[in-house]
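query_16.txt (compact mmCIF, C-alpha atoms)
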# COMPACT_ATOMS: atom_id res chain seq x y z
CA MET A 1 -25.20 12.66 16.30
CA ASN A 2 -23.78 13.15 12.81
CA ILE A 3 -20.46 11.38 12.29
CA LEU A 4 -20.11 12.78 8.77
CA GLU A 5 -21.08 16.21 7.43
CA VAL A 6 -20.44 17.12 3.80
CA LYS A 7 -21.19 20.68 2.68
CA ASP A 8 -21.19 22.02 -0.88
CA LEU A 9 -18.40 19.71 -2.02
CA CYS A 10 -16.95 20.28 -5.50
CA LYS A 11 -14.15 18.57 -7.37
CA MET A 12 -13.06 19.75 -10.81
CA TYR A 13 -10.49 18.37 -13.23
CA GLY A 14 -9.10 20.39 -16.13
CA THR A 15 -9.93 23.98 -17.05
CA GLY A 16 -12.05 25.90 -19.53
CA GLU A 17 -13.89 23.78 -22.09
CA ALA A 18 -11.98 20.69 -20.88
CA GLU A 19 -13.22 21.08 -17.31
CA VAL A 20 -14.88 18.03 -15.78
CA ARG A 21 -17.01 18.54 -12.66
CA ALA A 22 -16.65 15.19 -10.85
CA LEU A 23 -18.45 16.52 -7.75
CA ASP A 24 -21.06 19.21 -8.22
CA HIS A 25 -22.03 20.92 -4.93
CA VAL A 26 -22.60 17.70 -2.96
CA SER A 27 -24.08 18.02 0.54
CA PHE A 28 -25.28 15.28 2.92
CA SER A 29 -24.86 14.01 6.47
CA VAL A 30 -24.59 10.58 8.08
CA ARG A 31 -25.60 9.71 11.65
CA LYS A 32 -23.58 7.47 13.95
CA GLY A 33 -24.30 3.81 13.22
CA GLU A 34 -25.92 4.39 9.83
CA PHE A 35 -25.14 2.15 6.87
CA ILE A 36 -25.29 4.35 3.75
CA ALA A 37 -25.08 3.12 0.16
CA ILE A 38 -24.29 5.30 -2.85
CA VAL A 39 -25.16 3.78 -6.22
CA GLY A 40 -24.16 5.04 -9.63
CA GLU A 41 -22.73 4.10 -12.99
CA SER A 42 -19.02 4.16 -13.75
CA GLY A 43 -17.93 7.77 -14.12
CA SER A 44 -20.81 9.14 -12.04
CA GLY A 45 -18.47 10.57 -9.41
CA LYS A 46 -19.11 8.09 -6.59
CA SER A 47 -15.47 6.94 -6.29
CA THR A 48 -14.31 10.55 -6.34
CA LEU A 49 -16.76 11.32 -3.55
CA LEU A 50 -15.49 8.42 -1.45
CA ASN A 51 -11.87 9.44 -1.99
CA VAL A 52 -12.51 13.06 -1.01
CA VAL A 53 -14.71 12.26 2.00
CA GLY A 54 -12.11 9.68 3.09
CA ALA A 55 -9.35 12.32 2.83
CA LEU A 56 -7.49 10.40 0.12
CA ASP A 57 -7.98 13.36 -2.25
CA ASN A 58 -8.55 17.09 -1.80
CA PRO A 59 -11.73 18.89 -2.93
CA SER A 60 -11.72 21.93 -5.19
CA SER A 61 -14.08 23.56 -2.69
CA GLY A 62 -16.48 22.65 0.09
CA LYS A 63 -16.17 21.23 3.58
CA VAL A 64 -16.06 17.77 5.18
CA TRP A 65 -16.40 17.13 8.90
CA VAL A 66 -15.64 13.65 10.28
CA ASP A 67 -16.48 13.09 13.94
CA GLY A 68 -16.78 16.85 14.36
CA LYS A 69 -13.37 17.65 12.82
CA ASP A 70 -12.97 19.87 9.75
CA ILE A 71 -10.59 17.48 8.02
CA PHE A 72 -9.29 19.77 5.29
CA ALA A 73 -8.44 22.47 7.82
CA MET A 74 -5.79 20.12 9.24
CA PRO A 75 -2.11 20.21 8.24
CA GLU A 76 -1.18 17.24 6.04
CA LYS A 77 0.70 15.34 8.76
CA LYS A 78 -2.13 15.74 11.25
CA LEU A 79 -4.67 14.70 8.60
CA THR A 80 -2.67 11.54 7.85
CA ILE A 81 -2.77 10.54 11.53
CA PHE A 82 -6.47 11.43 11.80
CA ARG A 83 -7.31 9.35 8.72
CA ARG A 84 -5.41 6.36 10.07
CA ARG A 85 -7.20 6.52 13.43
CA HIS A 86 -10.71 7.60 12.48
CA ILE A 87 -11.41 6.33 8.93
CA GLY A 88 -11.39 2.67 7.91
CA PHE A 89 -11.24 1.52 4.30
CA ILE A 90 -12.50 -1.60 2.53
CA PHE A 91 -11.51 -1.81 -1.13
CA GLN A 92 -12.62 -3.98 -4.04
CA SER A 93 -9.09 -5.42 -4.09
CA PHE A 94 -8.33 -6.84 -0.68
CA HIS A 95 -4.82 -5.32 -0.28
CA LEU A 96 -3.74 -7.90 2.28
CA ILE A 97 -0.05 -8.32 3.13
CA PRO A 98 0.86 -11.78 1.74
CA GLU A 99 3.55 -12.50 4.35
CA LEU A 100 1.21 -11.86 7.30
CA ASN A 101 -1.42 -14.29 8.56
CA VAL A 102 -5.10 -13.44 9.07
CA GLU A 103 -4.72 -12.19 12.64
CA GLN A 104 -1.62 -10.13 11.77
CA ASN A 105 -3.31 -8.55 8.75
CA ILE A 106 -6.29 -7.53 10.89
CA THR A 107 -4.13 -5.95 13.62
CA PHE A 108 -1.64 -4.32 11.23
CA PRO A 109 -3.27 -0.82 11.40
CA LEU A 110 -2.74 -0.82 15.17
CA LEU A 111 0.97 -1.62 14.73
CA LEU A 112 1.30 1.31 12.34
CA ASP A 113 -0.11 3.51 15.10
CA TYR A 114 2.12 1.95 17.80
CA LYS A 115 -0.92 0.62 19.65
CA LYS A 116 -1.43 -2.72 21.33
CA ALA A 117 -4.22 -4.89 20.01
CA ASP A 118 -7.24 -5.58 22.19
CA HIS A 119 -7.01 -9.34 21.78
CA LYS A 120 -10.47 -9.92 23.23
CA PHE A 121 -11.95 -7.63 20.57
CA VAL A 122 -9.78 -9.18 17.84
CA ASP A 123 -10.99 -12.67 18.82
CA GLU A 124 -14.57 -11.38 18.82
CA LEU A 125 -14.07 -10.04 15.29
CA LEU A 126 -12.48 -13.30 14.14
CA HIS A 127 -15.44 -15.23 15.52
CA ILE A 128 -18.07 -12.96 13.91
CA LEU A 129 -16.18 -12.97 10.60
CA GLY A 130 -15.97 -16.77 10.66
CA LEU A 131 -12.17 -16.68 10.61
CA MET A 132 -11.22 -18.05 14.04
CA GLU A 133 -10.18 -21.42 12.58
CA ARG A 134 -8.08 -19.65 9.93
CA LYS A 135 -6.45 -16.91 11.99
CA LYS A 136 -2.95 -18.35 11.37
CA HIS A 137 -3.54 -18.87 7.63
CA LEU A 138 -1.84 -16.69 5.01
CA PRO A 139 -3.95 -14.81 2.42
CA SER A 140 -2.88 -17.29 -0.27
CA GLN A 141 -4.59 -20.04 1.74
CA LEU A 142 -7.95 -18.22 1.77
CA SER A 143 -10.82 -17.87 -0.68
CA GLY A 144 -11.75 -14.47 -2.09
CA GLY A 145 -14.67 -14.19 0.31
CA GLN A 146 -12.45 -15.00 3.28
CA GLN A 147 -9.87 -12.44 2.18
CA GLN A 148 -12.55 -9.77 2.03
CA ARG A 149 -13.63 -10.72 5.56
CA VAL A 150 -10.05 -10.14 6.70
CA ALA A 151 -10.18 -6.71 5.04
CA ILE A 152 -13.42 -5.95 6.93
CA GLY A 153 -11.79 -6.98 10.21
CA ARG A 154 -8.79 -4.78 9.45
CA ALA A 155 -11.08 -1.80 8.84
CA LEU A 156 -12.95 -2.44 12.10
CA VAL A 157 -10.07 -3.20 14.45
CA SER A 158 -9.29 0.44 15.31
CA ARG A 159 -13.01 1.17 15.88
CA PRO A 160 -13.00 4.08 13.40
CA ALA A 161 -15.59 6.84 13.29
CA ILE A 162 -16.55 5.74 9.78
CA ILE A 163 -15.73 2.99 7.29
CA MET A 164 -15.49 3.76 3.57
CA ALA A 165 -16.33 0.66 1.51
CA ASP A 166 -15.39 0.97 -2.17
CA GLU A 167 -17.25 -1.72 -4.17
CA PRO A 168 -16.52 -4.28 -1.41
CA THR A 169 -18.25 -7.09 -3.33
CA GLY A 170 -16.78 -6.24 -6.73
CA ASN A 171 -14.42 -9.25 -6.86
CA LEU A 172 -16.79 -11.74 -5.25
CA ASP A 173 -19.37 -14.20 -6.54
CA SER A 174 -23.04 -13.87 -5.65
CA LYS A 175 -22.93 -16.05 -2.52
CA ASN A 176 -19.87 -14.35 -1.06
CA SER A 177 -21.26 -10.93 -1.98
CA GLN A 178 -24.40 -11.58 0.06
CA GLU A 179 -22.33 -12.83 2.99
CA VAL A 180 -20.13 -9.72 2.96
CA LEU A 181 -23.15 -7.42 2.78
CA ALA A 182 -24.75 -9.27 5.69
CA LEU A 183 -21.53 -8.86 7.67
CA LEU A 184 -21.40 -5.11 7.02
CA GLN A 185 -25.03 -4.81 8.04
CA SER A 186 -24.35 -6.81 11.20
CA MET A 187 -21.29 -4.72 12.11
CA SER A 188 -23.28 -1.52 11.68
CA ARG A 189 -25.94 -2.77 14.08
CA LYS A 190 -23.77 -4.62 16.60
CA TYR A 191 -21.07 -1.98 17.02
CA GLN A 192 -22.99 1.11 15.88
CA GLN A 193 -20.37 1.29 13.15
CA THR A 194 -21.00 3.99 10.56
CA ILE A 195 -20.45 2.72 6.99
CA LEU A 196 -20.45 4.56 3.67
CA MET A 197 -20.47 2.10 0.77
CA ILE A 198 -20.39 2.78 -2.95
CA THR A 199 -21.64 0.19 -5.42
CA HIS A 200 -22.87 -0.05 -9.00
CA ASN A 201 -25.26 -2.86 -7.95
CA GLU A 202 -28.61 -1.47 -6.82
CA ASN A 203 -29.61 -4.83 -5.33
CA HIS A 204 -26.62 -4.68 -2.98
CA ALA A 205 -27.68 -1.21 -1.85
CA GLY A 206 -30.76 -2.82 -0.31
CA ALA A 207 -28.64 -3.85 2.71
CA ALA A 208 -28.20 -0.19 3.68
CA ASP A 209 -30.32 2.04 5.91
CA ARG A 210 -30.38 4.84 3.33
CA VAL A 211 -29.55 4.92 -0.36
CA PHE A 212 -28.26 7.77 -2.52
CA ARG A 213 -27.80 7.90 -6.28
CA MET A 214 -24.81 9.60 -7.88
CA ALA A 215 -25.10 10.91 -11.45
CA ASP A 216 -23.02 13.55 -13.25
CA GLY A 217 -21.36 14.53 -9.97
CA ARG A 218 -24.64 15.20 -8.17
CA LEU A 219 -26.07 13.27 -5.24
CA GLN A 220 -29.76 12.53 -4.66
CA GLU A 221 -31.24 10.59 -1.76
CA LEU A 222 -33.54 7.76 -2.80
CA GLY A 223 -34.74 6.84 0.68
CA VAL A 224 -34.78 3.44 2.36
Could you render the structure as structure tokens?
Amino acid sequence: MNILEVKDLCKMYGTGEAEVRALDHVSFSVRKGEFIAIVGESGSGKSTLLNVVGALDNPSSGKVWVDGKDIFAMPEKKLTIFRRRHIGFIFQSFHLIPELNVEQNITFPLLLDYKKADHKFVDELLHILGLMERKKHLPSQLSGGQQQRVAIGRALVSRPAIIMADEPTGNLDSKNSQEVLALLQSMSRKYQQTILMITHNENHAGAADRVFRMADGRLQELGV
């Protein structure tokens, strides 16, 4: 089953001679539970692709289906709700709420959706993420690696159809980067969680099931 289908996606900025084609007829699909990495240099279009596929930006043309839904056929309000419930995000900057502790930061997306947390699942996440002993700590009391683990838990807590990871190791040292990649790999396998990660580091892409390269707005699969 394909959780993500991208068909002939284009994104242009500017017009005429000043036109920049950030996405140039991109098409690919991702099966449920796959961990996909997209590598590319700065300016290659990979961040634009993640933003469009994650419904944070609109394409110039093309289609995106997430969990069988044509996301850009939805009215804006409905799309906002769909994105909150079905797409998780992990960013290079952790974006934690400083006044909330670890457990509260992880469950915050559920509160936004007026849902009760499954505390058994939250405790399971805290255990796997190595944060059980720190669940009442504030972000300022955590290391960078621990903060990124909180961000991973926050992305997972609503059990989204797909997680978009934007350079999730960009602010981490080598040791913490490897730990975060191992966690993403583990989550993909344990929970059949679909993950789409962009990175400029080709070594980090080795944690994924499939790897694509982005260059000049075009996407090419490199294989395993």
What's the 8 Å shell around His200 (chain A), counting only C-alpha atoms, without same-chain residues fewer than 5 positions away, as a list in words?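 Surrounding residues, per the criterion: Val39, Gly40, Glu41, Ser42 and Glu167 of chain A.
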Could you check the closest approach to Asn105 (chain A) for each of A:Pro168, A:Pro139, A:Gly217, A:Gly33 and tell me which residue wins, using only C-alpha atoms?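 Closest to Asn105 (chain A), using only C-alpha atoms: A:Pro139.
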Could you please determine the separation between CA of Gln185 (chain A) and CA of Asp70 (chain A) in Å, to one decimal place?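 The value is 27.5 Å.
In this model, the gap between CA of Leu100 (chain A) and CA of Tyr191 (chain A) comes to 26.2 Å.
Compared by their closest atoms to Arg85 (chain A), and using only C-alpha atoms, the residues A:Arg189, A:Arg21, A:Arg159, A:Lys46 rank with A:Arg159 nearest.
Candidate residues A:Gln141, A:Thr169, A:Ser29, A:Ser158 were compared for distance to Glu99 (chain A), and the nearest is A:Gln141, using only C-alpha atoms.
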To one decimal place, how far is CA of Asp118 (chain A) from CA of Met187 (chain A) in Å? 17.3 Å
Quick one: of A:Leu110, A:Val30, A:Val64, A:Leu219, who's nearest to Ile81 (chain A), counting only C-alpha atoms?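 The shortest atom-to-atom distance to Ile81 (chain A) comes from A:Leu110.
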Restricting the calculation to all atoms listed in the file: of A:Ser188, A:Leu131, A:Val157, A:Ala37, which residue gets closest to Lys116 (chain A)?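 Nearest candidate to Lys116 (chain A) out of A:Ser188, A:Leu131, A:Val157, A:Ala37: A:Val157.
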For Thr80 (chain A), which residue out of A:Leu112, A:Ile106, A:Leu50, A:Ala215 is the nearest one, using all atoms listed in the file?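 Comparing A:Leu112, A:Ile106, A:Leu50, A:Ala215 against Thr80 (chain A), the winner is A:Leu112.
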Env of region 51-57 of chain A: 7 Å cut, atoms = all atoms listed in the file, seq-sep filter 3 positions within chain, self excluded. Answer as a CSV table (one decimal) with C-alpha atoms, keeping the file's coordinate frame.
chain,number,residue,atom,x,y,z
A,47,SER,CA,-15.5,6.9,-6.3
A,48,THR,CA,-14.3,10.6,-6.3
A,64,VAL,CA,-16.1,17.8,5.2
A,83,ARG,CA,-7.3,9.4,8.7
A,87,ILE,CA,-11.4,6.3,8.9
A,164,MET,CA,-15.5,3.8,3.6
List the neighbours of Gly62 (chain A) out to 6 Å using all atoms listed in the file; skip same-chain residues closer than 4 positions along the sequence, and give me the result as an MDAnalysis selection string. chainID A and resid 7:9
Contacts of Gly170 (chain A) at 12 Å or less, counting all atoms listed in the file, minus same-chain residues fewer than 6 places along, as a PyMOL selection string? chain A and resi 90-94+144-145+148+176-178+180-181+197-201+204
Would you kindly return, as an NGL selection string, each protein, DNA or RNA residue with an atom no farther than 12 Å from any atom of region 126-128 of chain A, considering all atoms listed in the file and excluding same-chain residues fewer than 2 positions away? :A and (102-107 or 119-124 or 130-136 or 146 or 149-154 or 156-157 or 179-180 or 182-184 or 186-187 or 190-191)
